[in-house]
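Okay, my_file_4.cif now, which holds mmCIF, C-alpha atoms:
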data_run
loop_
_atom_site.label_atom_id
_atom_site.label_comp_id
_atom_site.auth_asym_id
_atom_site.auth_seq_id
_atom_site.Cartn_x
_atom_site.Cartn_y
_atom_site.Cartn_z
CA MET A 24 -16.88 24.47 22.76
CA LYS A 25 -16.61 23.00 19.25
CA ARG A 26 -13.24 24.71 18.78
CA ARG A 27 -11.89 23.24 22.01
CA GLU A 28 -13.03 19.79 20.91
CA ASN A 29 -11.34 20.22 17.53
CA LYS A 30 -8.08 21.20 19.23
CA TYR A 31 -8.30 18.18 21.53
CA PHE A 32 -8.70 15.80 18.58
CA TYR A 33 -6.01 17.54 16.53
CA LEU A 34 -3.44 17.09 19.34
CA LYS A 35 -4.56 13.52 19.93
CA GLY A 36 -4.13 12.87 16.20
CA ILE A 37 -0.58 14.24 16.30
CA LYS A 38 0.23 11.87 19.14
CA MET A 39 -1.17 8.88 17.20
CA GLY A 40 0.63 10.11 14.09
CA ILE A 41 4.14 9.99 15.57
CA PRO A 42 4.65 6.20 15.38
CA ILE A 43 2.88 6.20 12.00
CA GLY A 44 5.19 8.93 10.69
CA LEU A 45 8.34 7.16 11.91
CA GLY A 46 7.26 3.91 10.28
CA TYR A 47 6.44 5.77 7.08
CA PHE A 48 9.87 7.36 7.02
CA ALA A 49 11.61 3.96 7.03
CA VAL A 50 9.27 2.39 4.48
CA SER A 51 9.19 5.37 2.12
CA PHE A 52 12.99 5.46 2.24
CA THR A 53 12.98 2.14 0.38
CA LEU A 54 10.22 3.44 -1.86
CA GLY A 55 12.60 6.29 -2.74
CA ILE A 56 15.24 3.72 -3.70
CA SER A 57 12.81 2.07 -6.15
CA ALA A 58 11.86 5.51 -7.49
CA GLY A 59 15.55 6.23 -8.08
CA ASN A 60 15.93 2.87 -9.81
CA ALA A 61 12.96 3.78 -12.02
CA GLY A 62 14.89 6.87 -13.14
CA MET A 63 13.03 9.51 -11.12
CA THR A 64 14.74 12.50 -9.51
CA ALA A 65 14.51 13.14 -5.75
CA VAL A 66 12.07 16.02 -6.30
CA GLN A 67 9.82 14.00 -8.61
CA ALA A 68 9.77 11.11 -6.13
CA MET A 69 9.00 13.41 -3.19
CA LEU A 70 6.26 15.15 -5.16
CA THR A 71 4.73 11.73 -5.88
CA SER A 72 4.76 10.81 -2.18
CA LEU A 73 3.34 14.19 -1.19
CA LEU A 74 0.43 13.80 -3.61
CA VAL A 75 -0.27 10.07 -3.60
CA ASN A 76 0.43 8.74 -0.06
CA ALA A 77 0.08 5.10 -1.08
CA SER A 78 2.83 2.50 -0.69
CA ALA A 79 1.56 -0.24 -2.99
CA GLY A 80 0.11 2.26 -5.45
CA GLN A 81 3.36 4.20 -5.72
CA TYR A 82 5.47 1.07 -5.91
CA ALA A 83 3.23 -0.24 -8.69
CA GLY A 84 3.37 3.16 -10.38
CA PHE A 85 7.17 3.19 -10.29
CA THR A 86 7.26 -0.20 -12.05
CA VAL A 87 5.08 1.33 -14.79
CA ILE A 88 7.47 4.31 -15.04
CA ALA A 89 10.55 2.04 -15.04
CA ALA A 90 9.04 0.04 -17.93
CA ASN A 91 8.03 3.26 -19.76
CA SER A 92 4.54 1.76 -20.20
CA GLY A 93 1.52 3.67 -21.47
CA TYR A 94 -0.52 6.21 -19.48
CA MET A 95 -3.59 3.99 -19.71
CA GLU A 96 -1.68 1.17 -18.02
CA MET A 97 -0.86 3.62 -15.22
CA VAL A 98 -4.55 4.48 -14.79
CA VAL A 99 -5.59 0.81 -14.59
CA MET A 100 -2.60 -0.05 -12.39
CA GLU A 101 -3.51 2.65 -9.84
CA LEU A 102 -7.16 1.60 -9.90
CA ILE A 103 -6.16 -1.98 -9.07
CA ALA A 104 -3.36 -1.25 -6.60
CA ASN A 105 -5.48 1.25 -4.65
CA ALA A 106 -8.90 -0.37 -4.97
CA ARG A 107 -8.86 -1.20 -1.28
CA TYR A 108 -9.05 2.51 -0.42
CA LEU A 109 -12.48 2.58 -2.04
CA LEU A 110 -13.75 0.17 0.58
CA MET A 111 -11.92 2.02 3.37
CA SER A 112 -13.40 5.35 2.31
CA CYS A 113 -16.85 3.76 2.19
CA ALA A 114 -16.38 2.57 5.76
CA LEU A 115 -14.97 5.94 6.80
CA SER A 116 -17.92 7.80 5.27
CA GLN A 117 -20.13 5.93 7.74
CA LYS A 118 -18.06 7.35 10.63
CA LEU A 119 -18.56 10.97 9.58
CA GLY A 120 -21.52 12.87 10.92
CA GLU A 121 -24.03 14.04 8.32
CA GLU A 122 -23.19 17.66 9.15
CA THR A 123 -19.54 17.14 8.08
CA GLY A 124 -18.95 19.60 5.24
CA LEU A 125 -17.56 18.96 1.75
CA LEU A 126 -14.19 20.61 2.52
CA HIS A 127 -13.60 18.25 5.44
CA ARG A 128 -14.45 15.28 3.25
CA LEU A 129 -12.08 16.47 0.51
CA LEU A 130 -9.25 16.90 3.04
CA ILE A 131 -9.74 13.56 4.80
CA GLY A 132 -9.80 11.86 1.39
CA PHE A 133 -6.31 13.17 0.66
CA ASP A 134 -4.69 10.80 3.13
CA VAL A 135 -6.75 7.64 3.61
CA THR A 136 -3.97 5.09 4.20
CA ASP A 137 -4.05 1.64 5.78
CA GLU A 138 -2.73 3.04 9.08
CA ILE A 139 -4.67 6.31 9.28
CA PHE A 140 -7.85 4.50 8.27
CA GLY A 141 -7.20 1.87 10.95
CA VAL A 142 -6.89 4.51 13.68
CA ALA A 143 -9.70 6.77 12.45
CA VAL A 144 -12.27 4.02 11.95
CA SER A 145 -11.69 2.65 15.46
CA VAL A 146 -12.93 5.75 17.31
CA PRO A 147 -16.14 5.18 19.23
CA GLU A 148 -19.10 7.28 18.03
CA LYS A 149 -18.49 9.75 15.18
CA LEU A 150 -15.13 10.79 13.74
CA ASN A 151 -13.89 14.36 14.25
CA PRO A 152 -12.00 15.37 11.05
CA TYR A 153 -9.35 17.12 13.17
CA TYR A 154 -8.28 13.71 14.46
CA ASN A 155 -7.27 12.86 10.87
CA TYR A 156 -5.62 16.26 10.36
CA GLY A 157 -3.44 15.66 13.43
CA MET A 158 -2.25 12.32 12.07
CA MET A 159 -1.71 13.78 8.60
CA THR A 160 0.42 16.60 10.08
CA VAL A 161 3.02 14.00 11.13
CA ALA A 162 2.44 11.24 8.59
CA ILE A 163 2.67 13.30 5.37
CA PRO A 164 6.13 14.84 6.13
CA GLY A 165 7.38 11.43 7.31
CA TRP A 166 6.24 9.81 4.09
CA SER A 167 7.52 12.44 1.65
CA LEU A 168 10.83 13.21 3.39
CA GLY A 169 11.59 9.49 3.70
CA THR A 170 11.09 9.18 -0.06
CA LEU A 171 13.36 12.17 -0.71
CA PHE A 172 16.14 10.73 1.45
CA GLY A 173 15.66 7.33 -0.18
CA VAL A 174 16.43 8.72 -3.63
CA VAL A 175 19.39 10.83 -2.44
CA MET A 176 20.96 8.37 0.00
CA GLY A 177 20.08 5.24 -1.98
CA ASN A 178 22.99 6.05 -4.30
CA ILE A 179 25.43 6.76 -1.48
CA LEU A 180 24.63 3.78 0.74
CA PRO A 181 26.67 0.58 0.30
CA SER A 182 25.00 -1.92 -2.04
CA SER A 183 24.61 -4.41 0.84
CA VAL A 184 22.45 -1.93 2.74
CA VAL A 185 20.36 -1.07 -0.33
CA SER A 186 19.89 -4.77 -1.03
CA ALA A 187 18.68 -5.28 2.55
CA LEU A 188 16.33 -2.26 2.47
CA SER A 189 14.81 -3.43 -0.81
CA VAL A 190 12.78 -6.09 1.01
CA ALA A 191 11.22 -3.61 3.50
CA LEU A 192 8.18 -2.93 1.32
CA TYR A 193 7.61 -6.61 0.68
CA GLY A 194 7.91 -7.18 4.43
CA MET A 195 5.25 -4.53 4.91
CA PHE A 196 2.96 -6.13 2.32
CA ILE A 197 3.38 -9.48 4.11
CA ALA A 198 2.52 -7.80 7.43
CA ILE A 199 -0.72 -6.49 5.85
CA ILE A 200 -1.89 -9.76 4.27
CA ILE A 201 -0.77 -12.49 6.72
CA PRO A 202 -2.63 -11.56 9.96
CA PRO A 203 -6.06 -11.65 8.22
CA ALA A 204 -4.97 -14.88 6.47
CA ARG A 205 -4.37 -16.43 9.88
CA LYS A 206 -7.94 -15.66 10.92
CA ASN A 207 -9.62 -16.46 7.61
CA ARG A 208 -8.96 -19.67 5.67
CA ILE A 209 -10.33 -18.25 2.43
CA ILE A 210 -7.87 -15.35 2.54
CA ALA A 211 -5.05 -17.76 3.42
CA GLY A 212 -5.95 -19.90 0.41
CA LEU A 213 -6.19 -16.83 -1.85
CA VAL A 214 -2.78 -15.53 -0.74
CA PHE A 215 -1.18 -18.90 -1.50
CA LEU A 216 -3.04 -19.24 -4.82
CA SER A 217 -2.10 -15.66 -5.80
CA MET A 218 1.60 -16.23 -5.13
CA ALA A 219 1.59 -19.56 -6.98
CA ALA A 220 -0.25 -18.08 -9.99
CA SER A 221 2.03 -15.04 -9.99
CA PHE A 222 5.06 -17.36 -10.01
CA LEU A 223 3.61 -19.32 -12.95
CA PHE A 224 2.79 -16.12 -14.85
CA ALA A 225 6.36 -14.92 -14.38
CA LYS A 226 7.80 -18.18 -15.73
CA LEU A 227 5.40 -19.42 -18.45
CA PRO A 228 6.63 -18.50 -21.95
CA ALA A 229 3.47 -16.84 -23.35
CA VAL A 230 2.39 -14.68 -20.38
CA SER A 231 5.82 -13.81 -18.95
CA SER A 232 6.32 -11.41 -21.87
CA LEU A 233 3.42 -9.28 -20.54
CA SER A 234 4.50 -6.39 -18.30
CA PRO A 235 4.45 -7.03 -14.53
CA GLY A 236 1.67 -4.42 -14.17
CA ILE A 237 -0.64 -6.14 -16.65
CA ARG A 238 0.06 -9.52 -15.06
CA THR A 239 -0.90 -8.09 -11.64
CA ILE A 240 -4.11 -6.62 -13.03
CA ILE A 241 -5.17 -9.85 -14.79
CA LEU A 242 -4.41 -12.03 -11.76
CA THR A 243 -6.17 -9.68 -9.33
CA VAL A 244 -9.36 -9.37 -11.37
CA VAL A 245 -9.55 -13.11 -12.04
CA ILE A 246 -8.66 -14.36 -8.53
CA ALA A 247 -10.49 -11.70 -6.45
CA GLY A 248 -13.45 -11.81 -8.85
CA GLY A 249 -13.64 -15.60 -8.66
CA ALA A 250 -13.41 -15.47 -4.87
CA ALA A 251 -16.17 -12.84 -4.69
CA ILE A 252 -18.49 -15.15 -6.64
CA LEU A 253 -17.50 -18.40 -4.89
CA PHE A 254 -17.07 -17.03 -1.33
CA PRO A 255 -19.21 -13.90 -0.92
CA VAL A 256 -18.40 -12.05 2.30
CA LYS A 257 -21.30 -12.01 4.73
CA GLU A 258 -20.03 -10.12 7.80
CA GLU A 259 -21.06 -6.52 8.38
CA HIS A 260 -17.63 -5.01 9.09
CA ASN A 261 -14.75 -6.13 6.92
CA GLU A 262 -11.69 -3.99 7.20
CA PRO A 263 -9.08 -4.81 4.60
CA MET B 23 7.97 6.55 -27.26
CA SER B 24 9.09 8.27 -24.07
CA HIS B 25 6.52 9.37 -21.49
CA ASN B 26 6.48 12.51 -19.32
CA VAL B 27 7.19 11.72 -15.66
CA TYR B 28 4.95 14.56 -14.45
CA ILE B 29 1.99 13.19 -16.40
CA TYR B 30 2.63 9.80 -14.77
CA ILE B 31 2.65 11.51 -11.34
CA LEU B 32 -0.52 13.44 -12.12
CA ILE B 33 -2.29 10.23 -13.16
CA MET B 34 -1.16 8.47 -9.96
CA PHE B 35 -2.45 11.39 -7.90
CA GLY B 36 -5.71 11.85 -9.79
CA VAL B 37 -6.77 8.21 -9.82
CA THR B 38 -5.75 7.55 -6.20
CA TYR B 39 -7.43 10.72 -4.91
CA LEU B 40 -10.67 10.01 -6.76
CA ILE B 41 -10.77 6.46 -5.34
CA ARG B 42 -10.48 7.87 -1.83
CA VAL B 43 -12.61 10.97 -2.10
CA LEU B 44 -15.58 9.78 -4.17
CA PRO B 45 -16.95 7.40 -1.52
CA LEU B 46 -16.42 10.05 1.17
CA THR B 47 -18.30 12.73 -0.76
CA LEU B 48 -20.88 10.81 -2.79
CA ILE B 49 -21.79 7.58 -1.04
CA ARG B 50 -23.50 8.25 2.26
CA LYS B 51 -24.98 4.76 2.46
CA GLU B 52 -23.08 1.48 2.71
CA ILE B 53 -22.57 -0.57 -0.46
CA ARG B 54 -25.20 -3.30 -0.44
CA ASN B 55 -24.16 -5.35 -3.48
CA GLN B 56 -22.53 -8.40 -1.94
CA THR B 57 -20.43 -9.33 -4.96
CA ILE B 58 -18.89 -5.85 -5.26
CA ARG B 59 -18.28 -5.74 -1.50
CA SER B 60 -16.65 -9.16 -1.60
CA PHE B 61 -14.51 -8.30 -4.62
CA LEU B 62 -13.23 -5.11 -2.95
CA TYR B 63 -12.64 -7.07 0.23
CA TYR B 64 -10.44 -9.66 -1.50
CA VAL B 65 -8.57 -7.28 -3.84
CA PRO B 66 -5.84 -6.07 -1.43
CA TYR B 67 -4.82 -9.57 -0.40
CA VAL B 68 -4.59 -10.83 -3.97
CA THR B 69 -2.80 -7.73 -5.30
CA LEU B 70 -0.22 -7.57 -2.53
CA ALA B 71 0.45 -11.33 -2.70
CA VAL B 72 0.89 -11.18 -6.49
CA MET B 73 3.20 -8.15 -6.21
CA THR B 74 5.31 -9.74 -3.46
CA PHE B 75 5.99 -13.12 -5.03
CA PRO B 76 8.09 -13.91 -7.00
CA ALA B 77 9.26 -10.25 -7.34
CA ILE B 78 10.91 -10.30 -3.89
CA LEU B 79 13.30 -13.03 -5.11
CA ASP B 80 14.89 -10.60 -7.59
CA ALA B 81 14.92 -7.62 -5.22
CA THR B 82 18.14 -8.48 -3.38
CA ALA B 83 21.67 -9.52 -4.32
CA SER B 84 20.93 -13.17 -3.55
CA THR B 85 17.73 -15.15 -4.18
CA TRP B 86 18.34 -17.14 -0.99
CA SER B 87 18.55 -14.11 1.30
CA ALA B 88 15.27 -12.84 -0.19
CA LEU B 89 13.58 -16.21 0.28
CA ALA B 90 14.76 -16.32 3.91
CA ALA B 91 13.46 -12.77 4.47
CA LEU B 92 10.10 -13.74 2.97
CA LEU B 93 9.76 -16.77 5.28
CA VAL B 94 10.82 -14.78 8.35
CA ALA B 95 8.35 -12.01 7.44
CA ILE B 96 5.52 -14.54 7.09
CA VAL B 97 6.31 -16.06 10.51
CA LEU B 98 6.57 -12.64 12.23
CA ALA B 99 3.36 -11.39 10.61
CA TRP B 100 1.65 -14.64 11.62
CA LEU B 101 2.71 -13.94 15.22
CA GLY B 102 1.07 -10.52 14.90
CA LYS B 103 4.17 -8.31 14.86
CA SER B 104 3.64 -4.74 13.63
CA LEU B 105 4.14 -3.57 10.06
CA PHE B 106 7.24 -1.68 11.10
CA THR B 107 8.81 -4.62 12.99
CA VAL B 108 8.21 -7.05 10.13
CA ALA B 109 9.71 -4.66 7.57
CA VAL B 110 12.82 -3.90 9.64
CA ILE B 111 13.58 -7.51 10.63
CA SER B 112 13.18 -8.65 7.00
CA CYS B 113 15.88 -6.14 6.08
CA GLY B 114 18.08 -7.40 8.92
CA VAL B 115 17.77 -11.00 7.69
CA VAL B 116 18.90 -10.03 4.18
CA PHE B 117 21.76 -7.91 5.51
CA LEU B 118 23.15 -10.61 7.83
CA LEU B 119 22.72 -13.47 5.33
CA GLU B 120 24.41 -11.53 2.55
CA LEU B 121 27.36 -10.78 4.84
CA ALA B 122 27.70 -14.54 5.20
CA LEU B 123 26.82 -15.62 1.63
CA VAL B 124 28.10 -13.02 -0.83
#
Translate this structure into C-alpha cells?
Amino acid sequence: MKRRENKYFYLKGIKMGIPIGLGYFAVSFTLGISAGNAGMTAVQAMLTSLLVNASAGQYAGFTVIAANSGYMEMVVMELIANARYLLMSCALSQKLGEETGLLHRLLIGFDVTDEIFGVAVSVPEKLNPYYNYGMMTVAIPGWSLGTLFGVVMGNILPSSVVSALSVALYGMFIAIIIPPARKNRIIAGLVFLSMAASFLFAKLPAVSSLSPGIRTIILTVVIAGGAAILFPVKEEHNEP
Amino acid sequence: MSHNVYIYILIMFGVTYLIRVLPLTLIRKEIRNQTIRSFLYYVPYVTLAVMTFPAILDATASTWSALAALLVAIVLAWLGKSLFTVAVISCGVVFLLELALV
C-alpha cells in the first residue's frame, strides 16, 4: 500500500521534473560559461552543480573564485545568496508528516530549489518525499550536465552566441523578482532601490573598490534589514 | 595568495546544504519572530536585484544590447512569462541586436 503510493509519487515527480530539468539545462549551460570564465575546469564546474544545485549561489560563488577572494568571503556570500532557501525549507518542513524520518529530510534538503520547492509546497495535504525524489531524478542531471556542456562548449561557440547566453541567468533572476514586485508595492520599491544602490556602489570612488561579493552582502543586509523593520510581513504564507 | 578550488566548492556545498537541511531536520514549528521572517522574505529580491544591475550591462559585448535585454526581461516577467521563456528571449534580444550593432 505505502510502497504503491511511493511509486505513484515518484513517477509523478519525474513527470513534473522534465520541464524543470530542460529549463535547468539551458540556464546551467550559461552558468558553465561563467564557471569557465572564472578559471574552473569542466569537471570542477560539474561537481559544483552536482553538490550545490543553486543558480544564484553558484553564480555568486564563481565571482568569488574569479576574484580569488578569501574562504570567509565565500562562506558569507553563500549564506547571503542562498538565505531564501532557509525560508523555503522552513515552509517545506511544515508540509512533511511528523513520521517522516531523518534520512528523508536529509535527502529532500539536498535539492531545495526555487522550482522544486514551488512544486512540492503546492501539493494538497502532506508531502510524500518520493515526489521530490522523482523531480530530483530529472533535475539534478539536467543541472549538472548543462554546466558541464557550458564549460566545454562555451569555448567553442562563437562569441556572439556566448555574449547572448550570458544574459540568461540575469533574465532568470528578473523572472524570479518581477512577478512578486507586480503584486507587492514594497517589493517593487525594494527592487528599484536595490538596483539604484547597487549602481551607485559600483560607481562611487570609495565603495567601488570593494569586491562585488562584499558590496552585495552589505546592500542586502542593509536594504532587506531596513525593510524588515519598516515593513514587517504580516501574511501567513509568503513564498519567496 | 592562491586558493584551492576544491575548498571553495566544499564551502559552497557545506553552507548551502546546511541552510536547506537544518530547517527541515531541526525546526518543526514555524518561525514566529516577525522581523526574522520579514528579513528572510525580502532577502531574495534585494540580492537578485543587486546582482543583476548594473552587472548585466558588462555581461555582453555591447552595453546597449544588455540594457535592451534587461528591459525586455522586465516586461516579459511582468506579463507573467515563465523563467525559461524570459531567459531565452533575453538571449535572443542580445543576439539579434548585436548582429545589427556590432
Interatomic distance, CA of Leu93 in chain B to CA of Gly55 in chain A (Å, one decimal):
24.6 Å
Write out as a PyMOL selection string which residues come within 10 Å of Ile49 in chain B when counting all atoms listed in the file, dropping same-chain ones fewer than 4 positions away.
(chain A and resi 112-113+116-117) or (chain B and resi 43-45+53)
Taking all atoms listed in the file into account, what are the residues of chain A at most 6 Å from chain B, put as a ChimeraX atom specification?
/A:46,71,74-75,107-109,112-113,116,128,132,186-188,190-191,193-196,198,200-202,214,217-218,221-222,243,247-248,251,255-256
Can you turn the PyMOL selection byres ((chain A and resi 131) around 8) into a concrete residue list for this file, as JSON, numbers by chain?
{"A": [127, 128, 129, 130, 132, 133, 134, 135, 152, 155, 156], "B": [43]}
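Going from CA of Lys206 in chain A over to CA of Ala250 in chain A, you cover 16.7 Å.
Take the candidates A:Gly249, A:Lys257, A:Leu102, A:Ser182 and check each one against Asn55 in chain B using all atoms listed in the file; the shortest distance goes to A:Lys257.
Here CA of Val144 in chain A stands at a distance of 28.5 Å from CA of Leu253 in chain A.
Residues in contact range of range 98-100 of chain A, defined as at most 8 Å between all atoms listed in the file, with sequence neighbours fewer than 3 positions away removed, read Gly80, Ala83, Gly84, Tyr94, Met95, Ile103, Ala104, Gly236, Ile237 and Ile240 of chain A; Ile33, Met34 and Val37 of chain B.
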